[in-house]
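Down below is the structure, laid out as structure tokens.
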Amino acid sequence: MGALHRIGWFSIFCFLLEVSFILIFTGFMQYDDFYNGSKWNETHHPTYKKPNLHYYYAMFQDVHVMILVGFGFLMTFLKKYAFSSVSINLVLTSVTIQYAIIIMGFFFTVKDGIITLSMLDLLNGDLASGTVLISMGAVLGKTTPTQLVCMILIEVVVFAGNLYFGMEVLGVFDIGGSIFIHTFGAYFGLGVAKTVSRNLNVIDHPKEGSSYNSDLFAMVGTVFLWVFWPSFNGILASEEGQGRAVINTYLGLVSATVTACVVSGWQNKKNKWTMAHVQNATLAGGVAVGAVADLMIFPWGALVIGSFAGIVSCLGYIYITPLLANRIGIHDTCGVHNLHGMPGIISALVSVVASFFASETYYGLSLYTQFPRMAPAANTTALRTLQGLHPEIEAGEGRSASMQALMQALGTLVTLIVAFLSGLVTGEERERVAGWSELS
Amino acid sequence: MGALHRIGWFSIFCFLLEVSFILIFTGFMQYDDFYNGSKWNETHHPTYKKPNLHYYYAMFQDVHVMILVGFGFLMTFLKKYAFSSVSINLVLTSVTIQYAIIIMGFFFTVKDGIITLSMLDLLNGDLASGTVLISMGAVLGKTTPTQLVCMILIEVVVFAGNLYFGMEVLGVFDIGGSIFIHTFGAYFGLGVAKTVSRNLNVIDHPKEGSSYNSDLFAMVGTVFLWVFWPSFNGILASEEGQGRAVINTYLGLVSATVTACVVSGWQNKKNKWTMAHVQNATLAGGVAVGAVADLMIFPWGALVIGSFAGIVSCLGYIYITPLLANRIGIHDTCGVHNLHGMPGIISALVSVVASFFASETYYGLSLYTQFPRMAPAANTTALRTLQGLHPEIEAGEGRSASMQALMQALGTLVTLIVAFLSGLVTGEERERVAGWSELS
Amino acid sequence: MGALHRIGWFSIFCFLLEVSFILIFTGFMQYDDFYNGSKWNETHHPTYKKPNLHYYYAMFQDVHVMILVGFGFLMTFLKKYAFSSVSINLVLTSVTIQYAIIIMGFFFTVKDGIITLSMLDLLNGDLASGTVLISMGAVLGKTTPTQLVCMILIEVVVFAGNLYFGMEVLGVFDIGGSIFIHTFGAYFGLGVAKTVSRNLNVIDHPKEGSSYNSDLFAMVGTVFLWVFWPSFNGILASEEGQGRAVINTYLGLVSATVTACVVSGWQNKKNKWTMAHVQNATLAGGVAVGAVADLMIFPWGALVIGSFAGIVSCLGYIYITPLLANRIGIHDTCGVHNLHGMPGIISALVSVVASFFASETYYGLSLYTQFPRMAPAANTTALRTLQGLHPEIEAGEGRSASMQALMQALGTLVTLIVAFLSGLVTGEERERVAGWSELS
């Protein structure tokens with residue numbers, strides 16, 4: 001149980017990892033051409049399309065705060081693990097960021113054996129860390145740091161592979177990462193927790209409990225996540241989509257906060273809010289809006305999605321978390337199933353509906369930039385006509401709205417299965433690793 | 001007294017409110033044209049004036065942090081209500097934001113029955129929440145959440161009405177909201193507190209007290225308010241006014257911090273600072289500079305205003321808060337009169353002086369964009385000459401500087417009276433509601 | 001010892017300082033021409049080069065958070081001084097900012113007796129405060145506030161003088177301030193601590209210790225410093241240098257975090273991390289990358305520098321801090337030598353190496369904008385040729401790479417000597433002041 005045990009092995013392990021990262025970076029990583037001084041003479045021509053650091057930077061820093069401050073302090077609620085949680089969060093994020101930049105680079109941006117780094121690669125590091133931290137929330141206090149690093153090494157690869165398959169092969173959209181980050185992270189973590197919980201009597205463990213102060217520290221995490229979520233959902237959106245993403249996420253959060261607290265107060269015998277609900281379920285709106293944040297879901301739609309997610313998330317803490325623990329044997333320490341799992345699935349389902357109804361009525365010709373696969377195929381007259389009006393429209397595959405809806409559903413299903421199964425396997429693996437480290 | 005009692009009714013009440021918000025949003029709210037996909041074909045022409053999300057976004061997020069993190073944690077200083085305060089702050093802000101977007105929309109931006117949403121409407125939601133949270137500070141720990149929601153429903157309408165009258169009818173300027181947000185919020189809250197305190201023996205209540213840890217949490221709030229205040233005062237200013245607003249607010253805060261701690265140390269027998277002074281009076285400079293933040297008050301002027309406000313605010317905690325409680329029967333839990341009330345009035349008075357001396361000597365031709373009512377009236381030769389030089393200057397009403405000064409004074413007076421009286425009435429109303437909820 | 005003693009004198013002292021600041025601001029400070037309304041008619045022409053507030057603003061606010069929230073809460077780890085530390089941090093920063101704007105203005109920007117203020121002058125105030133707060137970390141809990149203000153009055157002048165000599169005379173570069181801010185601040189503080197520690201039996205003082213909660217509050221500081229450090233190192237860089245600065249700092253921090261915790265876990269008998277290491281040594285990467293953040297150190301280089309700094313910083317806490325205290329008589333309360341001193345020197349040494357290898361191979365023609373003294377001298381054919389290609393290149397002095405390397409080394413040496421000696425003298429001075437205040 002002790003989260004800081006056996007750091008001796010952990011130290012050696014992390015040291016070897018860091019050495020490996022340095023070697024891989026030496027072999028494969030280079031600055032983006034614009035930042036690469038040796039290409040300065042070519043890239044500093046007026047016609048060169050510069051990366052716009054400042055376009056992303058403020059939102060990137062918001063996301064960065066969410067990962068380090070938000071997730072870090074959200075996990076301080078366990079009074080015995082408060083300091084460990086925020087420290088381990090910092091160290092594991094540091095490992096994940098380096099590892100994820102490498103893995104994501106090889107999946108998505110490698111060219112002639114070189115991965116060039118820009119703002120968006122740092123963002124990828126943060127997003128992969130977010131996924132890992134969600135999974136970590138399910139097993140918090142039940143695993144050693146060494147086990148967590150093993151988990152990271154497996155999870156990031158599966159995460160990147162699933163993302164590649166979903167986005168590049170199936171053409172699934174998911175601007176706020178509700179499918180590929182939240183749902184994936186939650187079910188992967190639940191898979192791991194299933195295996196780990198088996199051998200541990202973790203239910204009602206005396207060390208699992210919060211104190212008044214640790215709950216206040218957790219609220220620091222909650223509030224920063226809440227405030228900066230619009231940046232998380234909006235950072236990668238197109239110019240007009242970003243406006244919608246910010247408005248929709250903002251509205252999703254306020255409505256989820258109200259309904260989560262309504263449900264929390266309603267079910268409590270003394271009519272008091274349960275702290276865990278306030279800390280977590282209030283954020284469900286940000287997850288539930290995620291996959292469709294930049295779409296025409298309308299302001300009322302954002303409120304409906306948020307309200308529903310707040311209710312579901314809070315009911316999850318009340319009914320489903322104990323059920324998972326007692327019936328299925330999955331002890332979910334932070335309740336990531338309620339904050340990330342179910343709201344992620346809600347978001348995926350909404351994305352199916354939103355795809356099904358996508359048409360020029362709602363999007364004008366931006367239909368073909370918002371859903372690039374729905375643009376006409378290359379060398380068609382339809383494409384040439386569109387490009388005559390708006391040259392930024394690129395060739396797609398003439399996908400229909402219902403086909404896009406089907407792909408959203410398929411991508412979600414694949415994510416669920418891949419995440420949970422690979423989580424289960426990772427848990428087994430980690431069991432063995434733990435047994436091994438026990439010997440040493 | 002218990003801030004979390006009777007949440008049963010509160011839950012039902014909030015649920016009905018959320019349903020109402022969804023219905024009203026369905027009927028009246030739409031994205032801004034640029035973000036509205038169905039208008040994409042029209043708005044994506046090179047000549048269309050796009051809303052600049054990124055121009056506001058970083059400052060908007062700073063304000064968002066101030067409302068949720070700043071005000072939220074500033075109220076954690078009561079050791080028995082620390083967690084309740086930050087939770088209730090989160091939930092009530094969520095209610096207020098939705099409600100304020102509706103009310104402000106109907107007062108200011110509705111067109112053909114439709115309210116279009118952009119970045120600035122989300123900001124309006126935050127600003128109205130700020131006003132409500134200031135009022136809440138005066139009655140913290142003395143009211144039930146249901147009573148607070150009733151207060152919100154009344155206060156936001158009066159706030160919007162007063163703002164409309166002051167800005168649109170009287171032509172009062174107030175870039176940092178010192179008159180319409182801080183002064184209004186404080187005196188409305190004091191009015192409510194006057195009625196509520198009458199029936200409660202709240203003075204020296206054993207639960208009213210801070211602990212070392214709760215005081216540290218409050219400092220999280222203080223420091224984030226302090227750091228981001230330049231964004232609060234500057235976000236709505238013109239291009240060159242924004243530079244002045246940031247510089248003036250920054251200077252106002254540093255000088256108020258010094259003088260507040262000078263006074264706090266001076267009056268204490270052991271020469272120690274009082275925690276409440278450090279937490280609150282250090283911020284008075286941000287309020288006091290507010291109304292004139294974007295004007296030519298000069299760097300030294302900002303220091304003088306800040307220094308004076310720090311002294312007044314700190315003296316307020318020492319002498320006026322006990323006086324209000326014992327003589328007038330107004331128990332002001334957080335001392336909002338010292339942090340928002342008096343510094344708000346100082347700012348209003350400075351705005352009278354700054355208007356009186358406004359001339360082309362200090363502003364050049366920007367006099368007519370900074371004080372739009374002072375621009376010559378439509379169809380005058382004077383206006384045509386000015387527009388020949390700077391087409392952005394719009395027709396005003398040829399108002400004189402002394403008339404502008406008079407209007408600043410009048411707007412402040414109206415705000416004071418409207419705020420306090422409507423607060424008193426709201427308190428009565430809430431008394432009845434409370435009595436009624438007692439029955440149920 | 002009591003950090004809040006004798007505030008009576010402190011109050012009078014600060015009040016007189018504030019009055020002096022107001023008088024000096026009245027005599028010498030004016031808004032930047034673009035923000036100065038009386039110059040509006042001249043500056044609002046399309047050809048006028050406007051200051052770009054928004055280019056700096058988001059990064060400036062990040063730095064502002066680092067100074068007030070980051071440093072403020074990092075110092076809360078002492079359980080008896082937690083509140084005092086964050087309050088004194090707020091007040092002393094307020095004093096330093098005003099004082100530094102004046103001193104830096106007279107050293108760098110004064111023109112015809114007038115100092116004009118823009119965004120960058122506020123940033124200068126923050127950077128000088130950072131330097132002072134680093135020094136303060138070395139003497140925390142051992143000095144009265146009055147003594148600290150005396151220290152500020154001396155330190156800021158020496159800081160500005162050393163910066164002027166290093167940057168303007170020697171032509172040393174130091175984009176992230178590792179030499180002129182971190183190294184200077186640390187060794188100045190150690191000099192002061194040397195004198196102060198002499199007369200105090202501070203080792204193992206019962207009040208010097210942390211509690212679980214105070215350590216958690218310190219982590220709030222750590223995490224915000226960690227997250228926003230890329231802004232600190234990047235804000236003043238050129239367009240393409242800024243991209244490198246953000247990437248390098250980000251990578252330096254993640255690798256330092258891993259190695260610092262590796263070392264911390266390794267040396268602990270129970271294999272647990274030491275809290276002080278997690279709070280401080282994880283940040284060493286940000287300092288160590290600082291001086292070369294915007295240079296072509298390559299992503300792997302940033303990882304190597306960060307890894308090395310994390311190890312050195314953590315070993316410093318374990319071996320060097322006790323050594324300094326017991327052998328040399330320097331009691332370094334926060335361990336600034338480990339977080340700022342040694343990583344600062346590492347950064348300086350890297351800057352020597354980076355200069356030595358600087359050539360057009362790595363930088364193209366940006367060699368002459370990145371290292372302005374290496375540009376050809378005025379009126380040479382070489383310069384005319386370069387300016388024909390890139391008119392932004394300015395005349396330098398044709399300095400060679402090895403000469404630049406020498407200057408980096410010289411600037412660091414001068415900074416070390418000036419900082420430590422002036423710190424020693426300041427400590428003496430403060431001893432006398434303290435003795436004097438004891439009498440009164």
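Chain lettering (A, B, ...) mirrors the order of the structure tokens, residue numbering begins at 1 for each chain separately, and ligand numbering begins at 1 in order of display.
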Please, which residues of chain C lie no more than 8 Å from chain A when the count uses only C-alpha atoms, and can they be set out as a ChimeraX atom specification?
-> /C:55,58-59,212-213,215-216,219-220,223-224,227-228,240-241,243-244,247,250-251,253-255,257-259,261-263,265-266,270-273,278,296,298-300,303-304,307,360-366
Hey, which bits of stretch 169-223 of chain C sit within 6 Å of stretch 410-426 of chain C, and for each residue what's the closest pair of atoms and how far apart in Å (one decimal), counting only C-alpha atoms, rows by chain and increasing number, as a Markdown table?
| residue | atom | partner | partner_atom | distance |
| --- | --- | --- | --- | --- |
| C:Phe184 | CA | C:Ala419 | CA | 5.3 |
| C:Tyr187 | CA | C:Phe420 | CA | 5.0 |
| C:Phe188 | CA | C:Gly423 | CA | 4.3 |
| C:Gly191 | CA | C:Gly423 | CA | 4.2 |
| C:Val192 | CA | C:Gly423 | CA | 4.6 |
Prev. selection, all heavy atoms, output as a CSV table (one decimal), in the first residue's frame:
chain,number,residue,atom,x,y,z
C,184,PHE,N,23.2,36.1,-8.6
C,184,PHE,CA,23.4,37.3,-7.9
C,184,PHE,C,22.6,37.2,-6.6
C,184,PHE,O,23.1,37.4,-5.5
C,184,PHE,CB,23.0,38.5,-8.7
C,184,PHE,CG,23.2,39.8,-7.9
C,184,PHE,CD1,24.4,40.5,-8.0
C,184,PHE,CD2,22.2,40.3,-7.1
C,184,PHE,CE1,24.6,41.7,-7.3
C,184,PHE,CE2,22.3,41.4,-6.4
C,184,PHE,CZ,23.5,42.1,-6.4
C,187,TYR,N,24.0,34.5,-4.0
C,187,TYR,CA,25.3,34.8,-3.3
C,187,TYR,C,25.2,36.1,-2.5
C,187,TYR,O,25.8,36.2,-1.4
C,187,TYR,CB,26.4,34.8,-4.3
C,187,TYR,CG,26.8,33.4,-4.6
C,187,TYR,CD1,26.2,32.7,-5.7
C,187,TYR,CD2,27.6,32.6,-3.8
C,187,TYR,CE1,26.5,31.4,-6.0
C,187,TYR,CE2,27.9,31.3,-4.0
C,187,TYR,CZ,27.3,30.7,-5.1
C,187,TYR,OH,27.6,29.4,-5.4
C,188,PHE,N,24.3,37.0,-2.9
C,188,PHE,CA,24.1,38.2,-2.0
C,188,PHE,C,23.5,37.7,-0.7
C,188,PHE,O,23.9,38.1,0.4
C,188,PHE,CB,23.2,39.2,-2.8
C,188,PHE,CG,23.0,40.5,-2.1
C,188,PHE,CD1,23.8,41.6,-2.4
C,188,PHE,CD2,22.0,40.6,-1.1
C,188,PHE,CE1,23.6,42.8,-1.7
C,188,PHE,CE2,21.9,41.8,-0.4
C,188,PHE,CZ,22.6,42.9,-0.7
C,191,GLY,N,25.9,36.0,1.5
C,191,GLY,CA,26.7,37.0,2.1
C,191,GLY,C,26.1,37.6,3.4
C,191,GLY,O,26.7,37.7,4.5
C,192,VAL,N,24.8,38.0,3.2
C,192,VAL,CA,24.1,38.5,4.3
C,192,VAL,C,23.9,37.5,5.4
C,192,VAL,O,24.1,37.8,6.6
C,192,VAL,CB,22.7,39.0,3.9
C,192,VAL,CG1,21.9,39.5,5.1
C,192,VAL,CG2,22.8,40.1,2.8
Could you find all residues in stretch 73-174 of chain B that DSSP calls alpha helix (DSSP H) from the backbone, and write them as a compact mmCIF listing (two decimals) with N, CA, C and O atoms, in the first residue's frame?
# COMPACT_ATOMS: atom_id res chain seq x y z
N PHE B 73 -11.39 31.54 -2.37
CA PHE B 73 -10.50 31.23 -1.25
C PHE B 73 -10.39 32.38 -0.26
O PHE B 73 -10.12 32.16 0.91
N LEU B 74 -10.62 33.61 -0.73
CA LEU B 74 -10.60 34.73 0.22
C LEU B 74 -11.61 34.51 1.34
O LEU B 74 -11.41 34.93 2.48
N ALA B 82 -14.83 27.18 6.04
CA ALA B 82 -13.87 27.27 4.94
C ALA B 82 -14.32 26.46 3.73
O ALA B 82 -14.43 26.98 2.62
N PHE B 83 -14.61 25.18 3.94
CA PHE B 83 -15.00 24.36 2.80
C PHE B 83 -16.35 24.80 2.24
O PHE B 83 -16.54 24.91 1.03
N SER B 84 -17.33 25.08 3.15
CA SER B 84 -18.64 25.57 2.70
C SER B 84 -18.47 26.81 1.83
O SER B 84 -19.12 26.95 0.80
N SER B 85 -17.60 27.72 2.26
CA SER B 85 -17.47 28.99 1.54
C SER B 85 -17.00 28.77 0.11
O SER B 85 -17.57 29.31 -0.83
N VAL B 86 -15.97 27.96 -0.05
CA VAL B 86 -15.43 27.79 -1.39
C VAL B 86 -16.39 26.98 -2.26
O VAL B 86 -16.52 27.22 -3.46
N SER B 87 -17.15 26.05 -1.66
CA SER B 87 -18.14 25.28 -2.42
C SER B 87 -19.31 26.17 -2.82
O SER B 87 -19.75 26.18 -3.98
N ILE B 88 -19.83 26.89 -1.84
CA ILE B 88 -20.99 27.74 -2.13
C ILE B 88 -20.60 28.80 -3.15
O ILE B 88 -21.37 29.15 -4.04
N ASN B 89 -19.39 29.31 -3.02
CA ASN B 89 -18.90 30.26 -4.01
C ASN B 89 -18.96 29.67 -5.41
O ASN B 89 -19.43 30.31 -6.36
N LEU B 90 -18.55 28.41 -5.55
CA LEU B 90 -18.54 27.75 -6.86
C LEU B 90 -19.96 27.57 -7.39
O LEU B 90 -20.25 27.87 -8.55
N VAL B 91 -20.85 27.11 -6.54
CA VAL B 91 -22.22 26.84 -6.98
C VAL B 91 -22.96 28.14 -7.27
O VAL B 91 -23.62 28.29 -8.31
N LEU B 92 -22.85 29.11 -6.36
CA LEU B 92 -23.59 30.35 -6.57
C LEU B 92 -23.04 31.11 -7.78
O LEU B 92 -23.80 31.74 -8.52
N THR B 93 -21.75 31.03 -8.00
CA THR B 93 -21.20 31.65 -9.20
C THR B 93 -21.80 30.99 -10.44
O THR B 93 -22.15 31.66 -11.41
N SER B 94 -21.96 29.67 -10.39
CA SER B 94 -22.54 28.95 -11.53
C SER B 94 -23.98 29.38 -11.79
O SER B 94 -24.41 29.51 -12.94
N VAL B 95 -24.73 29.58 -10.71
CA VAL B 95 -26.10 30.07 -10.88
C VAL B 95 -26.07 31.50 -11.44
O VAL B 95 -26.76 31.82 -12.41
N THR B 96 -25.25 32.35 -10.82
CA THR B 96 -25.23 33.76 -11.19
C THR B 96 -24.81 33.95 -12.64
O THR B 96 -25.39 34.78 -13.36
N ILE B 97 -23.82 33.20 -13.07
CA ILE B 97 -23.32 33.36 -14.43
C ILE B 97 -24.45 33.15 -15.45
O ILE B 97 -24.65 33.96 -16.36
N GLN B 98 -25.19 32.07 -15.29
CA GLN B 98 -26.26 31.78 -16.24
C GLN B 98 -27.35 32.85 -16.18
O GLN B 98 -27.83 33.34 -17.19
N TYR B 99 -27.72 33.19 -14.95
CA TYR B 99 -28.77 34.17 -14.74
C TYR B 99 -28.34 35.54 -15.28
O TYR B 99 -29.11 36.22 -15.98
N ALA B 100 -27.10 35.91 -15.00
CA ALA B 100 -26.61 37.23 -15.41
C ALA B 100 -26.48 37.32 -16.93
O ALA B 100 -26.74 38.39 -17.51
N ILE B 101 -26.09 36.22 -17.58
CA ILE B 101 -26.02 36.26 -19.04
C ILE B 101 -27.40 36.58 -19.62
O ILE B 101 -27.54 37.36 -20.56
N ILE B 102 -28.43 36.00 -19.00
CA ILE B 102 -29.80 36.27 -19.45
C ILE B 102 -30.18 37.73 -19.17
O ILE B 102 -30.60 38.47 -20.08
N ILE B 103 -30.03 38.14 -17.92
CA ILE B 103 -30.49 39.49 -17.52
C ILE B 103 -29.69 40.58 -18.26
O ILE B 103 -30.28 41.52 -18.82
N MET B 104 -28.37 40.44 -18.27
CA MET B 104 -27.54 41.44 -18.97
C MET B 104 -27.87 41.44 -20.46
O MET B 104 -27.87 42.49 -21.10
N MET B 119 -17.39 36.24 -26.26
CA MET B 119 -16.48 36.34 -25.11
C MET B 119 -16.97 37.34 -24.06
O MET B 119 -16.91 37.08 -22.87
N LEU B 120 -17.44 38.51 -24.52
CA LEU B 120 -17.79 39.57 -23.58
C LEU B 120 -19.01 39.24 -22.77
O LEU B 120 -19.21 39.78 -21.68
N ASP B 121 -19.89 38.35 -23.28
CA ASP B 121 -21.06 37.96 -22.49
C ASP B 121 -20.64 37.03 -21.36
O ASP B 121 -21.20 37.08 -20.26
N LEU B 122 -19.65 36.18 -21.64
CA LEU B 122 -19.12 35.35 -20.56
C LEU B 122 -18.47 36.24 -19.50
O LEU B 122 -18.63 36.04 -18.31
N LEU B 123 -17.78 37.29 -19.96
CA LEU B 123 -17.18 38.23 -19.03
C LEU B 123 -18.25 38.91 -18.18
O LEU B 123 -18.10 39.06 -16.96
N ASN B 124 -19.35 39.31 -18.83
CA ASN B 124 -20.46 39.91 -18.08
C ASN B 124 -20.95 38.97 -16.98
O ASN B 124 -21.26 39.41 -15.87
N GLY B 125 -21.04 37.68 -17.30
CA GLY B 125 -21.44 36.70 -16.29
C GLY B 125 -20.49 36.73 -15.11
O GLY B 125 -20.92 36.71 -13.94
N ASP B 126 -19.21 36.81 -15.40
CA ASP B 126 -18.21 36.84 -14.32
C ASP B 126 -18.30 38.13 -13.51
O ASP B 126 -18.16 38.11 -12.29
N LEU B 127 -18.52 39.26 -14.20
CA LEU B 127 -18.56 40.53 -13.49
C LEU B 127 -19.77 40.60 -12.56
O LEU B 127 -19.68 41.07 -11.43
N ALA B 128 -20.94 40.12 -13.05
CA ALA B 128 -22.13 40.09 -12.20
C ALA B 128 -21.88 39.16 -11.01
O ALA B 128 -22.31 39.46 -9.88
N SER B 129 -21.19 38.05 -11.25
CA SER B 129 -20.86 37.15 -10.14
C SER B 129 -19.98 37.85 -9.12
O SER B 129 -20.15 37.67 -7.90
N GLY B 130 -19.04 38.64 -9.61
CA GLY B 130 -18.19 39.40 -8.70
C GLY B 130 -19.03 40.28 -7.79
O GLY B 130 -18.83 40.31 -6.57
N THR B 131 -20.00 40.99 -8.37
CA THR B 131 -20.88 41.86 -7.59
C THR B 131 -21.61 41.07 -6.52
O THR B 131 -21.68 41.46 -5.35
N VAL B 132 -22.19 39.93 -6.93
CA VAL B 132 -22.94 39.11 -5.99
C VAL B 132 -22.03 38.57 -4.88
O VAL B 132 -22.40 38.54 -3.71
N LEU B 133 -20.81 38.16 -5.25
CA LEU B 133 -19.90 37.61 -4.24
C LEU B 133 -19.46 38.66 -3.25
O LEU B 133 -19.23 38.37 -2.07
N ILE B 134 -19.34 39.91 -3.69
CA ILE B 134 -19.02 41.00 -2.76
C ILE B 134 -20.15 41.12 -1.73
O ILE B 134 -19.91 41.15 -0.53
N SER B 135 -21.40 41.15 -2.22
CA SER B 135 -22.54 41.25 -1.30
C SER B 135 -22.56 40.05 -0.36
O SER B 135 -22.84 40.17 0.84
N MET B 136 -22.28 38.87 -0.91
CA MET B 136 -22.29 37.65 -0.11
C MET B 136 -21.28 37.74 1.03
O MET B 136 -21.50 37.21 2.12
N GLY B 137 -20.16 38.45 0.77
CA GLY B 137 -19.14 38.59 1.81
C GLY B 137 -19.68 39.27 3.06
O GLY B 137 -19.22 39.01 4.18
N ALA B 138 -20.67 40.15 2.89
CA ALA B 138 -21.21 40.88 4.04
C ALA B 138 -22.11 39.99 4.90
O ALA B 138 -22.31 40.27 6.08
N VAL B 139 -22.68 38.94 4.30
CA VAL B 139 -23.65 38.12 5.05
C VAL B 139 -23.16 36.69 5.23
O VAL B 139 -23.93 35.83 5.68
N PRO B 145 -28.10 28.92 1.99
CA PRO B 145 -27.90 29.00 0.54
C PRO B 145 -29.16 29.42 -0.20
O PRO B 145 -29.09 30.18 -1.17
N THR B 146 -30.34 28.95 0.25
CA THR B 146 -31.58 29.35 -0.41
C THR B 146 -31.75 30.86 -0.35
O THR B 146 -32.12 31.50 -1.34
N GLN B 147 -31.48 31.42 0.82
CA GLN B 147 -31.57 32.88 0.94
C GLN B 147 -30.58 33.56 0.00
O GLN B 147 -30.91 34.57 -0.62
N LEU B 148 -29.41 32.98 -0.14
CA LEU B 148 -28.42 33.59 -1.03
C LEU B 148 -28.88 33.55 -2.48
O LEU B 148 -28.67 34.50 -3.24
N VAL B 149 -29.54 32.44 -2.89
CA VAL B 149 -30.03 32.38 -4.27
C VAL B 149 -31.13 33.42 -4.49
O VAL B 149 -31.17 34.09 -5.52
N CYS B 150 -32.02 33.57 -3.50
CA CYS B 150 -33.04 34.63 -3.60
C CYS B 150 -32.36 35.99 -3.77
O CYS B 150 -32.77 36.81 -4.59
N MET B 151 -31.33 36.20 -2.98
CA MET B 151 -30.59 37.45 -3.07
C MET B 151 -30.05 37.66 -4.49
O MET B 151 -30.16 38.75 -5.05
N ILE B 152 -29.48 36.59 -5.06
CA ILE B 152 -28.93 36.68 -6.41
C ILE B 152 -30.01 37.10 -7.40
O ILE B 152 -29.80 37.98 -8.24
N LEU B 153 -31.19 36.44 -7.29
CA LEU B 153 -32.25 36.69 -8.27
C LEU B 153 -32.66 38.16 -8.27
O LEU B 153 -32.93 38.75 -9.32
N ILE B 154 -32.67 38.77 -7.10
CA ILE B 154 -33.02 40.19 -7.02
C ILE B 154 -31.83 41.06 -7.40
O ILE B 154 -31.94 41.97 -8.23
N GLU B 155 -30.68 40.75 -6.82
CA GLU B 155 -29.53 41.65 -6.96
C GLU B 155 -29.09 41.83 -8.42
O GLU B 155 -28.78 42.94 -8.84
N VAL B 156 -29.07 40.73 -9.17
CA VAL B 156 -28.56 40.85 -10.54
C VAL B 156 -29.43 41.78 -11.38
O VAL B 156 -28.92 42.56 -12.19
N VAL B 157 -30.75 41.72 -11.16
CA VAL B 157 -31.65 42.61 -11.92
C VAL B 157 -31.39 44.07 -11.54
O VAL B 157 -31.27 44.94 -12.41
N VAL B 158 -31.30 44.33 -10.24
CA VAL B 158 -31.05 45.71 -9.79
C VAL B 158 -29.68 46.18 -10.29
O VAL B 158 -29.52 47.30 -10.76
N PHE B 159 -28.70 45.27 -10.20
CA PHE B 159 -27.35 45.58 -10.69
C PHE B 159 -27.37 45.97 -12.16
O PHE B 159 -26.82 47.01 -12.56
N ALA B 160 -28.07 45.17 -12.98
CA ALA B 160 -28.11 45.45 -14.42
C ALA B 160 -28.87 46.74 -14.69
O ALA B 160 -28.47 47.55 -15.54
N GLY B 161 -29.95 46.95 -13.95
CA GLY B 161 -30.75 48.16 -14.14
C GLY B 161 -29.94 49.40 -13.78
O GLY B 161 -29.92 50.39 -14.52
N ASN B 162 -29.26 49.33 -12.66
CA ASN B 162 -28.45 50.47 -12.21
C ASN B 162 -27.30 50.74 -13.19
O ASN B 162 -26.99 51.88 -13.50
N LEU B 163 -26.71 49.66 -13.70
CA LEU B 163 -25.62 49.80 -14.66
C LEU B 163 -26.13 50.46 -15.94
O LEU B 163 -25.50 51.36 -16.51
N TYR B 164 -27.31 50.00 -16.38
CA TYR B 164 -27.89 50.56 -17.60
C TYR B 164 -28.17 52.05 -17.41
O TYR B 164 -27.80 52.88 -18.23
Kindly give the distance, in Å, that separates atom CA of A:Ala348 and atom CA of A:Ser178, rounded to a single decimal.
->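 For atom CA of A:Ala348 relative to atom CA of A:Ser178, the distance reads 7.1 Å.
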Looking at B:Ser347, B:Thr333, B:Thr282, B:Thr143, which one is nearest to B:Leu190, with distances taken over only C-alpha atoms?
->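 Smallest distance to B:Leu190 is found for B:Thr333.
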Go ahead and compute the interatomic distance for atom CA of A:Ala284 and atom CA of A:Gly310, in Å to one decimal.
->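 Straight-line distance from atom CA of A:Ala284 to atom CA of A:Gly310 works out to 5.7 Å.
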Counting only C-alpha atoms, what is within 6 Å of stretch 313-316 of chain B, bar same-chain residues fewer than 3 positions away, as a count of residues only?
-> 7
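Non-sequential neighbours of A:Met407 (distance at most 8 Å, separation of 2 or more positions within a chain, only C-alpha atoms) are Leu170, Gly171, Val172, Met403, Gln404, Ala405, Ala409, Leu410 and Gly411 of chain A.
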